[in-house]
Amino acid sequence: MPNVTFSSPKMRRDLTVYAPAGDRKSILGVARDHGVAIDCECQKGECGSCTVEVIHIGNKPPMAVHLTEKEKLTLLTSGKLARQEFEELELLDLAPRYRLACQYLLLDEDIVVKF
Ligand code: FES
């Protein structure tokens with residue numbers, strides 16, 4: 001099961017937490033469980049305030065590559081994801097660098113979350 005490392009200039013030091021098996025939570029949910037304050041307003045994938053950078057670590061290819069429709073729209077309209085980049089990533093089945101913490105559901109992969 002995944003280790004999630006939160007990293008931010010807002011924190012005194014990075015924090016790595018373990019997300020238990022079968023506990024399908026978003027990055028935002030795991031952050032809250034561990035007292036990590038990621039900005040958020042709507043929690044519905046609509047405002048973009050919870051945008052984070054996700055870096056996959058380890059040897060496995062990234063698993064959580066698919067975006068919800070809300071996540072796609074919000075990242076495109078906020079400028080965190082350009083239309084051409086999005087289309088190229090989708091063709092290659094790759095994940096964009098920026099994601100919405102409230103929409104990204106953790107899978108069995110280790111990641112670093114920067115915000
Ligand atoms: Fe609004 Fe995540 S809190 S998009």
# chains A, B, ... in the order shown; residues from 1 in each chain; ligands from 1
>>> residues_near_ligand(ligand="ligand 1", cutoff="7 Å", atoms="only C-alpha atoms and all ligand atoms", output="number ranges by chain")
A: 40-51, 100-103
>>> write_last_selection(atoms="N, CA and C atoms", output="JSON list (two decimals), in the first residue's frame")
[["chain", "number", "residue", "atom", "x", "y", "z"],
["A", 40, "CYS", "N", -8.17, 24.08, 0.36],
["A", 40, "CYS", "CA", -9.32, 23.51, -0.34],
["A", 40, "CYS", "C", -10.53, 24.39, -0.05],
["A", 41, "GLU", "N", -11.39, 24.49, -1.03],
["A", 41, "GLU", "CA", -12.62, 25.26, -0.84],
["A", 41, "GLU", "C", -13.85, 24.40, -1.11],
["A", 42, "CYS", "N", -13.99, 23.90, -2.33],
["A", 42, "CYS", "CA", -15.24, 23.22, -2.69],
["A", 42, "CYS", "C", -15.24, 21.73, -2.36],
["A", 43, "GLN", "N", -14.09, 21.08, -2.41],
["A", 43, "GLN", "CA", -13.95, 19.63, -2.25],
["A", 43, "GLN", "C", -14.77, 18.86, -3.28],
["A", 44, "LYS", "N", -15.09, 19.50, -4.38],
["A", 44, "LYS", "CA", -15.88, 18.85, -5.43],
["A", 44, "LYS", "C", -15.17, 18.85, -6.79],
["A", 45, "GLY", "N", -13.92, 19.28, -6.82],
["A", 45, "GLY", "CA", -13.20, 19.31, -8.09],
["A", 45, "GLY", "C", -13.56, 20.50, -8.96],
["A", 46, "GLU", "N", -14.10, 21.54, -8.37],
["A", 46, "GLU", "CA", -14.58, 22.66, -9.17],
["A", 46, "GLU", "C", -13.78, 23.95, -9.02],
["A", 47, "CYS", "N", -13.12, 24.16, -7.89],
["A", 47, "CYS", "CA", -12.49, 25.48, -7.65],
["A", 47, "CYS", "C", -11.00, 25.51, -7.98],
["A", 48, "GLY", "N", -10.32, 24.39, -7.90],
["A", 48, "GLY", "CA", -8.89, 24.33, -8.20],
["A", 48, "GLY", "C", -7.99, 24.75, -7.05],
["A", 49, "SER", "N", -8.58, 25.10, -5.91],
["A", 49, "SER", "CA", -7.75, 25.57, -4.79],
["A", 49, "SER", "C", -6.85, 24.47, -4.21],
["A", 50, "CYS", "N", -7.18, 23.23, -4.45],
["A", 50, "CYS", "CA", -6.41, 22.12, -3.88],
["A", 50, "CYS", "C", -5.39, 21.55, -4.87],
["A", 51, "THR", "N", -5.05, 22.31, -5.90],
["A", 51, "THR", "CA", -4.09, 21.82, -6.89],
["A", 51, "THR", "C", -2.74, 21.52, -6.24],
["A", 100, "LEU", "N", -5.73, 17.52, -8.68],
["A", 100, "LEU", "CA", -6.57, 18.09, -7.62],
["A", 100, "LEU", "C", -6.56, 17.12, -6.45],
["A", 101, "ALA", "N", -6.14, 17.58, -5.29],
["A", 101, "ALA", "CA", -6.02, 16.70, -4.12],
["A", 101, "ALA", "C", -7.36, 16.12, -3.70],
["A", 102, "CYS", "N", -8.44, 16.83, -3.99],
["A", 102, "CYS", "CA", -9.76, 16.32, -3.59],
["A", 102, "CYS", "C", -10.29, 15.26, -4.56],
["A", 103, "GLN", "N", -9.69, 15.15, -5.73],
["A", 103, "GLN", "CA", -10.18, 14.22, -6.75],
["A", 103, "GLN", "C", -9.26, 13.01, -6.96]]
>>> residues_around(residues="range 108-114 of chain A", least_positions_apart="3", cutoff="10 Å", atoms="only C-alpha atoms", output="PyMOL selection string")
chain A and resi 1-9+14-16+18-22+24+27+31+38+51-64+98-99+101
>>> write_last_selection(atoms="C-alpha atoms", output="short mmCIF file (atom, residue, chain, number, x, y, z; two decimals), in the first residue's frame")
data_model
loop_
_atom_site.label_atom_id
_atom_site.label_comp_id
_atom_site.auth_asym_id
_atom_site.auth_seq_id
_atom_site.Cartn_x
_atom_site.Cartn_y
_atom_site.Cartn_z
CA MET A 1 0.00 0.00 0.00
CA PRO A 2 1.12 3.50 -0.68
CA ASN A 3 3.39 5.79 1.20
CA VAL A 4 2.46 9.40 0.62
CA THR A 5 5.03 12.09 1.32
CA PHE A 6 3.71 15.60 1.79
CA SER A 7 6.17 18.39 1.07
CA SER A 8 5.57 22.10 1.32
CA PRO A 9 7.34 25.28 2.36
CA ASP A 14 8.33 16.60 4.89
CA LEU A 15 5.86 14.08 6.28
CA THR A 16 5.54 10.52 4.96
CA TYR A 18 1.12 5.15 5.09
CA ALA A 19 -2.31 4.78 3.51
CA PRO A 20 -3.89 1.49 4.66
CA ALA A 21 -5.03 -1.19 2.20
CA GLY A 22 -8.63 -0.82 1.04
CA ARG A 24 -9.70 4.50 -0.90
CA ILE A 27 -4.91 12.92 -1.27
CA ALA A 31 -3.72 14.91 4.31
CA ILE A 38 -3.70 21.57 1.89
CA THR A 51 -4.09 21.82 -6.89
CA VAL A 52 -0.94 19.91 -5.95
CA GLU A 53 2.05 18.52 -7.81
CA VAL A 54 2.22 14.72 -7.70
CA ILE A 55 5.52 12.94 -8.24
CA HIS A 56 5.47 9.18 -8.58
CA ILE A 57 8.38 7.42 -6.92
CA GLY A 58 9.43 3.82 -7.07
CA ASN A 59 9.84 1.48 -10.01
CA LYS A 60 6.20 0.86 -10.91
CA PRO A 61 4.55 2.90 -13.65
CA PRO A 62 2.01 5.44 -12.32
CA MET A 63 -1.43 3.94 -11.72
CA ALA A 64 -3.69 6.88 -10.92
CA TYR A 98 -0.64 18.78 -11.41
CA ARG A 99 -3.69 17.15 -9.87
CA ALA A 101 -6.02 16.70 -4.12
#
>>> closest_residue(among="A:Arg12, A:His66, A:Lys25, A:Arg32", to="Glu90 in chain A", atoms="only C-alpha atoms")
A:His66
>>> select_by_dssp(residues="range 1-53 of chain A", states="strand (DSSP E or B)", output="list in words")
Asn3, Val4, Thr5, Phe6, Ser7, Leu15, Thr16, Val17, Tyr18, Ser26, Thr51, Val52 and Glu53 of chain A
>>> write_last_selection(atoms="N, CA, C and O atoms", output="short mmCIF file (atom, residue, chain, number, x, y, z; two decimals), in the first residue's frame")
data_model
loop_
_atom_site.label_atom_id
_atom_site.label_comp_id
_atom_site.auth_asym_id
_atom_site.auth_seq_id
_atom_site.Cartn_x
_atom_site.Cartn_y
_atom_site.Cartn_z
N ASN A 3 2.85 4.77 0.32
CA ASN A 3 3.39 5.79 1.20
C ASN A 3 3.20 7.11 0.48
O ASN A 3 3.49 7.22 -0.72
N VAL A 4 2.69 8.08 1.19
CA VAL A 4 2.46 9.40 0.62
C VAL A 4 3.32 10.39 1.40
O VAL A 4 3.20 10.49 2.62
N THR A 5 4.18 11.08 0.69
CA THR A 5 5.03 12.09 1.32
C THR A 5 4.51 13.46 0.97
O THR A 5 4.39 13.81 -0.21
N PHE A 6 4.17 14.23 1.99
CA PHE A 6 3.71 15.60 1.79
C PHE A 6 4.91 16.53 1.98
O PHE A 6 5.66 16.39 2.95
N SER A 7 5.04 17.47 1.04
CA SER A 7 6.17 18.39 1.07
C SER A 7 5.68 19.79 0.71
O SER A 7 5.00 19.97 -0.31
N LEU A 15 6.54 15.09 5.47
CA LEU A 15 5.86 14.08 6.28
C LEU A 15 5.47 12.92 5.37
O LEU A 15 4.78 13.12 4.37
N THR A 16 5.93 11.72 5.71
CA THR A 16 5.54 10.52 4.96
C THR A 16 4.56 9.72 5.80
O THR A 16 4.81 9.43 6.96
N VAL A 17 3.42 9.38 5.17
CA VAL A 17 2.39 8.61 5.87
C VAL A 17 2.06 7.38 5.03
O VAL A 17 2.23 7.35 3.82
N TYR A 18 1.52 6.40 5.72
CA TYR A 18 1.12 5.15 5.09
C TYR A 18 -0.39 5.15 4.94
O TYR A 18 -1.12 5.45 5.89
N SER A 26 -8.87 10.17 -0.96
CA SER A 26 -8.20 11.14 -1.82
C SER A 26 -6.93 11.63 -1.12
O SER A 26 -6.75 11.43 0.10
N THR A 51 -5.05 22.31 -5.90
CA THR A 51 -4.09 21.82 -6.89
C THR A 51 -2.74 21.52 -6.24
O THR A 51 -2.20 22.35 -5.51
N VAL A 52 -2.23 20.34 -6.50
CA VAL A 52 -0.94 19.91 -5.95
C VAL A 52 -0.11 19.30 -7.08
O VAL A 52 -0.65 18.92 -8.12
N GLU A 53 1.18 19.21 -6.87
CA GLU A 53 2.05 18.52 -7.81
C GLU A 53 2.25 17.11 -7.27
O GLU A 53 2.56 16.94 -6.09
#
>>> closest_residue(among="A:Tyr104, A:Leu89, A:Val36, A:Arg83", to="Leu67 in chain A", atoms="only C-alpha atoms")
A:Tyr104
>>> residues_around(residues="Glu85 in chain A", least_positions_apart="5", cutoff="12 Å", atoms="only C-alpha atoms", output="PyMOL selection string")
chain A and resi 72+75-76+79-80+90-98
>>> write_last_selection(atoms="N, CA, C and O atoms", output="compact mmCIF listing (two decimals), in the first residue's frame")
# COMPACT_ATOMS: atom_id res chain seq x y z
N LYS A 72 -10.33 17.29 -15.08
CA LYS A 72 -9.84 17.75 -16.39
C LYS A 72 -10.25 19.19 -16.63
O LYS A 72 -9.42 20.04 -16.98
N LEU A 75 -8.47 21.74 -14.21
CA LEU A 75 -7.05 21.93 -14.51
C LEU A 75 -6.85 22.68 -15.83
O LEU A 75 -5.95 23.51 -15.94
N LEU A 76 -7.71 22.40 -16.80
CA LEU A 76 -7.60 23.11 -18.09
C LEU A 76 -7.98 24.58 -17.94
O LEU A 76 -7.28 25.46 -18.45
N GLY A 79 -5.39 26.75 -16.10
CA GLY A 79 -4.10 26.92 -16.76
C GLY A 79 -3.01 25.99 -16.22
O GLY A 79 -1.86 26.08 -16.65
N LYS A 80 -3.35 25.11 -15.30
CA LYS A 80 -2.36 24.16 -14.79
C LYS A 80 -2.09 23.04 -15.78
O LYS A 80 -1.13 22.28 -15.63
N GLU A 90 -2.92 12.08 -22.59
CA GLU A 90 -4.02 11.13 -22.68
C GLU A 90 -3.71 10.05 -23.73
O GLU A 90 -3.99 8.87 -23.51
N LEU A 91 -3.12 10.46 -24.83
CA LEU A 91 -2.74 9.49 -25.87
C LEU A 91 -1.73 8.48 -25.34
O LEU A 91 -1.77 7.29 -25.66
N LEU A 92 -0.81 8.95 -24.52
CA LEU A 92 0.24 8.09 -23.98
C LEU A 92 -0.16 7.42 -22.67
O LEU A 92 0.64 6.68 -22.09
N ASP A 93 -1.38 7.68 -22.20
CA ASP A 93 -1.88 7.13 -20.94
C ASP A 93 -0.95 7.51 -19.78
O ASP A 93 -0.57 6.68 -18.96
N LEU A 94 -0.60 8.79 -19.75
CA LEU A 94 0.26 9.31 -18.69
C LEU A 94 -0.51 10.33 -17.85
O LEU A 94 -1.46 10.96 -18.34
N ALA A 95 -0.07 10.49 -16.64
CA ALA A 95 -0.73 11.43 -15.72
C ALA A 95 -0.10 12.81 -15.83
O ALA A 95 1.11 12.92 -16.02
N PRO A 96 -0.91 13.85 -15.71
CA PRO A 96 -0.32 15.19 -15.65
C PRO A 96 0.38 15.42 -14.32
O PRO A 96 0.12 14.73 -13.34
N ARG A 97 1.24 16.39 -14.33
CA ARG A 97 2.04 16.71 -13.14
C ARG A 97 1.16 17.31 -12.03
O ARG A 97 1.36 17.04 -10.86
N TYR A 98 0.22 18.15 -12.41
CA TYR A 98 -0.64 18.78 -11.41
C TYR A 98 -1.97 18.04 -11.32
O TYR A 98 -2.54 17.65 -12.34
>>> select_by_dssp(residues="chain A", states="alpha helix (DSSP H)", output="list in words")
Ile27, Leu28, Gly29, Val30, Ala31, Arg32, Asp33, Glu69, Lys70, Glu71, Lys72, Leu73, Thr74, Leu75, Leu76, Thr77, Ser78, Arg83, Gln84, Glu85, Phe86, Glu87, Glu88, Leu89, Glu90 and Leu91 of chain A
>>> write_last_selection(atoms="C-alpha atoms", output="PDB file, in the first residue's frame")
ATOM      1  CA  ILE A  27      -4.908  12.916  -1.271  1.00  0.00           C
ATOM      2  CA  LEU A  28      -6.927  15.579   0.530  1.00  0.00           C
ATOM      3  CA  GLY A  29      -8.545  13.007   2.829  1.00  0.00           C
ATOM      4  CA  VAL A  30      -5.210  11.458   3.795  1.00  0.00           C
ATOM      5  CA  ALA A  31      -3.721  14.914   4.314  1.00  0.00           C
ATOM      6  CA  ARG A  32      -6.520  15.855   6.681  1.00  0.00           C
ATOM      7  CA  ASP A  33      -6.202  12.572   8.584  1.00  0.00           C
ATOM      8  CA  GLU A  69     -14.197  15.045 -15.911  1.00  0.00           C
ATOM      9  CA  LYS A  70     -14.306  17.747 -13.239  1.00  0.00           C
ATOM     10  CA  GLU A  71     -10.572  17.441 -12.659  1.00  0.00           C
ATOM     11  CA  LYS A  72      -9.845  17.746 -16.391  1.00  0.00           C
ATOM     12  CA  LEU A  73     -12.041  20.803 -16.759  1.00  0.00           C
ATOM     13  CA  THR A  74     -10.710  22.543 -13.647  1.00  0.00           C
ATOM     14  CA  LEU A  75      -7.046  21.926 -14.513  1.00  0.00           C
ATOM     15  CA  LEU A  76      -7.601  23.111 -18.091  1.00  0.00           C
ATOM     16  CA  THR A  77      -9.494  26.269 -17.120  1.00  0.00           C
ATOM     17  CA  SER A  78      -7.023  27.151 -14.347  1.00  0.00           C
ATOM     18  CA  ARG A  83      -5.028  21.504 -23.897  1.00  0.00           C
ATOM     19  CA  GLN A  84      -2.209  20.202 -26.120  1.00  0.00           C
ATOM     20  CA  GLU A  85      -0.308  18.749 -23.149  1.00  0.00           C
ATOM     21  CA  PHE A  86      -3.491  17.100 -21.924  1.00  0.00           C
ATOM     22  CA  GLU A  87      -4.177  15.501 -25.302  1.00  0.00           C
ATOM     23  CA  GLU A  88      -0.596  14.231 -25.566  1.00  0.00           C
ATOM     24  CA  LEU A  89      -0.667  12.769 -22.056  1.00  0.00           C
ATOM     25  CA  GLU A  90      -4.022  11.126 -22.683  1.00  0.00           C
ATOM     26  CA  LEU A  91      -2.739   9.490 -25.871  1.00  0.00           C
TER      27      LEU A  91
END
>>> decode(residues="range 50-65 of chain A", atoms="all heavy atoms", output="PDB file, in the first residue's frame")
ATOM      1  N   CYS A  50      -7.183  23.233  -4.451  1.00  0.00           N
ATOM      2  CA  CYS A  50      -6.410  22.119  -3.881  1.00  0.00           C
ATOM      3  C   CYS A  50      -5.392  21.550  -4.867  1.00  0.00           C
ATOM      4  O   CYS A  50      -4.913  20.430  -4.676  1.00  0.00           O
ATOM      5  CB  CYS A  50      -7.351  21.018  -3.414  1.00  0.00           C
ATOM      6  SG  CYS A  50      -8.205  20.192  -4.774  1.00  0.00           S
ATOM      7  N   THR A  51      -5.050  22.309  -5.900  1.00  0.00           N
ATOM      8  CA  THR A  51      -4.094  21.816  -6.892  1.00  0.00           C
ATOM      9  C   THR A  51      -2.741  21.521  -6.241  1.00  0.00           C
ATOM     10  O   THR A  51      -2.201  22.347  -5.508  1.00  0.00           O
ATOM     11  CB  THR A  51      -3.914  22.847  -8.025  1.00  0.00           C
ATOM     12  OG1 THR A  51      -5.189  23.085  -8.618  1.00  0.00           O
ATOM     13  CG2 THR A  51      -2.950  22.337  -9.083  1.00  0.00           C
ATOM     14  N   VAL A  52      -2.232  20.338  -6.495  1.00  0.00           N
ATOM     15  CA  VAL A  52      -0.936  19.908  -5.955  1.00  0.00           C
ATOM     16  C   VAL A  52      -0.111  19.304  -7.081  1.00  0.00           C
ATOM     17  O   VAL A  52      -0.652  18.918  -8.125  1.00  0.00           O
ATOM     18  CB  VAL A  52      -1.106  18.867  -4.822  1.00  0.00           C
ATOM     19  CG1 VAL A  52      -1.810  19.469  -3.620  1.00  0.00           C
ATOM     20  CG2 VAL A  52      -1.844  17.621  -5.321  1.00  0.00           C
ATOM     21  N   GLU A  53       1.180  19.214  -6.872  1.00  0.00           N
ATOM     22  CA  GLU A  53       2.052  18.518  -7.809  1.00  0.00           C
ATOM     23  C   GLU A  53       2.253  17.110  -7.266  1.00  0.00           C
ATOM     24  O   GLU A  53       2.560  16.938  -6.085  1.00  0.00           O
ATOM     25  CB  GLU A  53       3.390  19.241  -7.923  1.00  0.00           C
ATOM     26  CG  GLU A  53       4.325  18.593  -8.906  1.00  0.00           C
ATOM     27  CD  GLU A  53       5.651  19.342  -9.025  1.00  0.00           C
ATOM     28  OE1 GLU A  53       5.854  20.347  -8.319  1.00  0.00           O
ATOM     29  OE2 GLU A  53       6.480  18.883  -9.822  1.00  0.00           O
ATOM     30  N   VAL A  54       2.058  16.122  -8.115  1.00  0.00           N
ATOM     31  CA  VAL A  54       2.219  14.725  -7.697  1.00  0.00           C
ATOM     32  C   VAL A  54       3.400  14.114  -8.437  1.00  0.00           C
ATOM     33  O   VAL A  54       3.460  14.144  -9.663  1.00  0.00           O
ATOM     34  CB  VAL A  54       0.940  13.909  -7.988  1.00  0.00           C
ATOM     35  CG1 VAL A  54       1.155  12.436  -7.634  1.00  0.00           C
ATOM     36  CG2 VAL A  54      -0.249  14.473  -7.210  1.00  0.00           C
ATOM     37  N   ILE A  55       4.337  13.590  -7.669  1.00  0.00           N
ATOM     38  CA  ILE A  55       5.519  12.942  -8.240  1.00  0.00           C
ATOM     39  C   ILE A  55       5.477  11.471  -7.841  1.00  0.00           C
ATOM     40  O   ILE A  55       5.417  11.147  -6.647  1.00  0.00           O
ATOM     41  CB  ILE A  55       6.806  13.605  -7.710  1.00  0.00           C
ATOM     42  CG1 ILE A  55       6.808  15.090  -8.084  1.00  0.00           C
ATOM     43  CG2 ILE A  55       8.042  12.894  -8.252  1.00  0.00           C
ATOM     44  CD1 ILE A  55       7.808  15.911  -7.315  1.00  0.00           C
ATOM     45  N   HIS A  56       5.463  10.616  -8.841  1.00  0.00           N
ATOM     46  CA  HIS A  56       5.466   9.182  -8.575  1.00  0.00           C
ATOM     47  C   HIS A  56       6.894   8.733  -8.295  1.00  0.00           C
ATOM     48  O   HIS A  56       7.813   9.092  -9.027  1.00  0.00           O
ATOM     49  CB  HIS A  56       4.901   8.420  -9.768  1.00  0.00           C
ATOM     50  CG  HIS A  56       3.449   8.702  -9.992  1.00  0.00           C
ATOM     51  ND1 HIS A  56       3.006   9.779 -10.715  1.00  0.00           N
ATOM     52  CD2 HIS A  56       2.348   8.068  -9.536  1.00  0.00           C
ATOM     53  CE1 HIS A  56       1.685   9.790 -10.713  1.00  0.00           C
ATOM     54  NE2 HIS A  56       1.258   8.768 -10.004  1.00  0.00           N
ATOM     55  N   ILE A  57       7.054   7.936  -7.253  1.00  0.00           N
ATOM     56  CA  ILE A  57       8.375   7.417  -6.919  1.00  0.00           C
ATOM     57  C   ILE A  57       8.302   5.890  -6.915  1.00  0.00           C
ATOM     58  O   ILE A  57       7.225   5.318  -6.833  1.00  0.00           O
ATOM     59  CB  ILE A  57       8.895   7.970  -5.581  1.00  0.00           C
ATOM     60  CG1 ILE A  57       7.893   7.714  -4.457  1.00  0.00           C
ATOM     61  CG2 ILE A  57       9.173   9.465  -5.699  1.00  0.00           C
ATOM     62  CD1 ILE A  57       8.395   8.144  -3.096  1.00  0.00           C
ATOM     63  N   GLY A  58       9.411   5.278  -7.003  1.00  0.00           N
ATOM     64  CA  GLY A  58       9.427   3.818  -7.070  1.00  0.00           C
ATOM     65  C   GLY A  58       9.570   3.356  -8.507  1.00  0.00           C
ATOM     66  O   GLY A  58       9.649   4.159  -9.432  1.00  0.00           O
ATOM     67  N   ASN A  59       9.568   2.055  -8.689  1.00  0.00           N
ATOM     68  CA  ASN A  59       9.842   1.481 -10.011  1.00  0.00           C
ATOM     69  C   ASN A  59       8.590   1.190 -10.826  1.00  0.00           C
ATOM     70  O   ASN A  59       8.682   0.934 -12.018  1.00  0.00           O
ATOM     71  CB  ASN A  59      10.642   0.185  -9.845  1.00  0.00           C
ATOM     72  CG  ASN A  59      11.993   0.450  -9.210  1.00  0.00           C
ATOM     73  OD1 ASN A  59      12.575   1.510  -9.429  1.00  0.00           O
ATOM     74  ND2 ASN A  59      12.476  -0.480  -8.420  1.00  0.00           N
ATOM     75  N   LYS A  60       7.428   1.197 -10.179  1.00  0.00           N
ATOM     76  CA  LYS A  60       6.203   0.861 -10.910  1.00  0.00           C
ATOM     77  C   LYS A  60       5.735   2.057 -11.734  1.00  0.00           C
ATOM     78  O   LYS A  60       5.889   3.204 -11.313  1.00  0.00           O
ATOM     79  CB  LYS A  60       5.102   0.478  -9.928  1.00  0.00           C
ATOM     80  CG  LYS A  60       5.380  -0.801  -9.174  1.00  0.00           C
ATOM     81  CD  LYS A  60       4.165  -1.310  -8.441  1.00  0.00           C
ATOM     82  CE  LYS A  60       3.731  -0.411  -7.334  1.00  0.00           C
ATOM     83  NZ  LYS A  60       2.671  -0.961  -6.500  1.00  0.00           N
ATOM     84  N   PRO A  61       5.129   1.787 -12.899  1.00  0.00           N
ATOM     85  CA  PRO A  61       4.547   2.899 -13.651  1.00  0.00           C
ATOM     86  C   PRO A  61       3.378   3.499 -12.872  1.00  0.00           C
ATOM     87  O   PRO A  61       2.710   2.788 -12.113  1.00  0.00           O
ATOM     88  CB  PRO A  61       4.065   2.260 -14.954  1.00  0.00           C
ATOM     89  CG  PRO A  61       4.186   0.790 -14.778  1.00  0.00           C
ATOM     90  CD  PRO A  61       4.976   0.505 -13.554  1.00  0.00           C
ATOM     91  N   PRO A  62       3.123   4.798 -13.048  1.00  0.00           N
ATOM     92  CA  PRO A  62       2.012   5.442 -12.325  1.00  0.00           C
ATOM     93  C   PRO A  62       0.686   4.751 -12.609  1.00  0.00           C
ATOM     94  O   PRO A  62       0.413   4.352 -13.734  1.00  0.00           O
ATOM     95  CB  PRO A  62       2.008   6.865 -12.876  1.00  0.00           C
ATOM     96  CG  PRO A  62       3.356   7.065 -13.447  1.00  0.00           C
ATOM     97  CD  PRO A  62       3.841   5.726 -13.890  1.00  0.00           C
ATOM     98  N   MET A  63      -0.139   4.614 -11.576  1.00  0.00           N
ATOM     99  CA  MET A  63      -1.431   3.938 -11.720  1.00  0.00           C
ATOM    100  C   MET A  63      -2.585   4.939 -11.817  1.00  0.00           C
ATOM    101  O   MET A  63      -3.515   4.738 -12.580  1.00  0.00           O
ATOM    102  CB  MET A  63      -1.659   3.010 -10.522  1.00  0.00           C
ATOM    103  CG  MET A  63      -0.622   1.916 -10.418  1.00  0.00           C
ATOM    104  SD  MET A  63      -0.734   1.039  -8.857  1.00  0.00           S
ATOM    105  CE  MET A  63      -2.238   0.132  -9.099  1.00  0.00           C
ATOM    106  N   ALA A  64      -2.551   5.961 -11.012  1.00  0.00           N
ATOM    107  CA  ALA A  64      -3.689   6.885 -10.924  1.00  0.00           C
ATOM    108  C   ALA A  64      -3.587   7.946 -12.012  1.00  0.00           C
ATOM    109  O   ALA A  64      -3.496   9.136 -11.750  1.00  0.00           O
ATOM    110  CB  ALA A  64      -3.744   7.523  -9.545  1.00  0.00           C
ATOM    111  N   VAL A  65      -3.620   7.490 -13.275  1.00  0.00           N
ATOM    112  CA  VAL A  65      -3.419   8.421 -14.373  1.00  0.00           C
ATOM    113  C   VAL A  65      -4.715   9.054 -14.866  1.00  0.00           C
ATOM    114  O   VAL A  65      -4.684  10.077 -15.534  1.00  0.00           O
ATOM    115  CB  VAL A  65      -2.701   7.756 -15.566  1.00  0.00           C
ATOM    116  CG1 VAL A  65      -1.318   7.302 -15.166  1.00  0.00           C
ATOM    117  CG2 VAL A  65      -3.505   6.619 -16.133  1.00  0.00           C
TER     118      VAL A  65
END
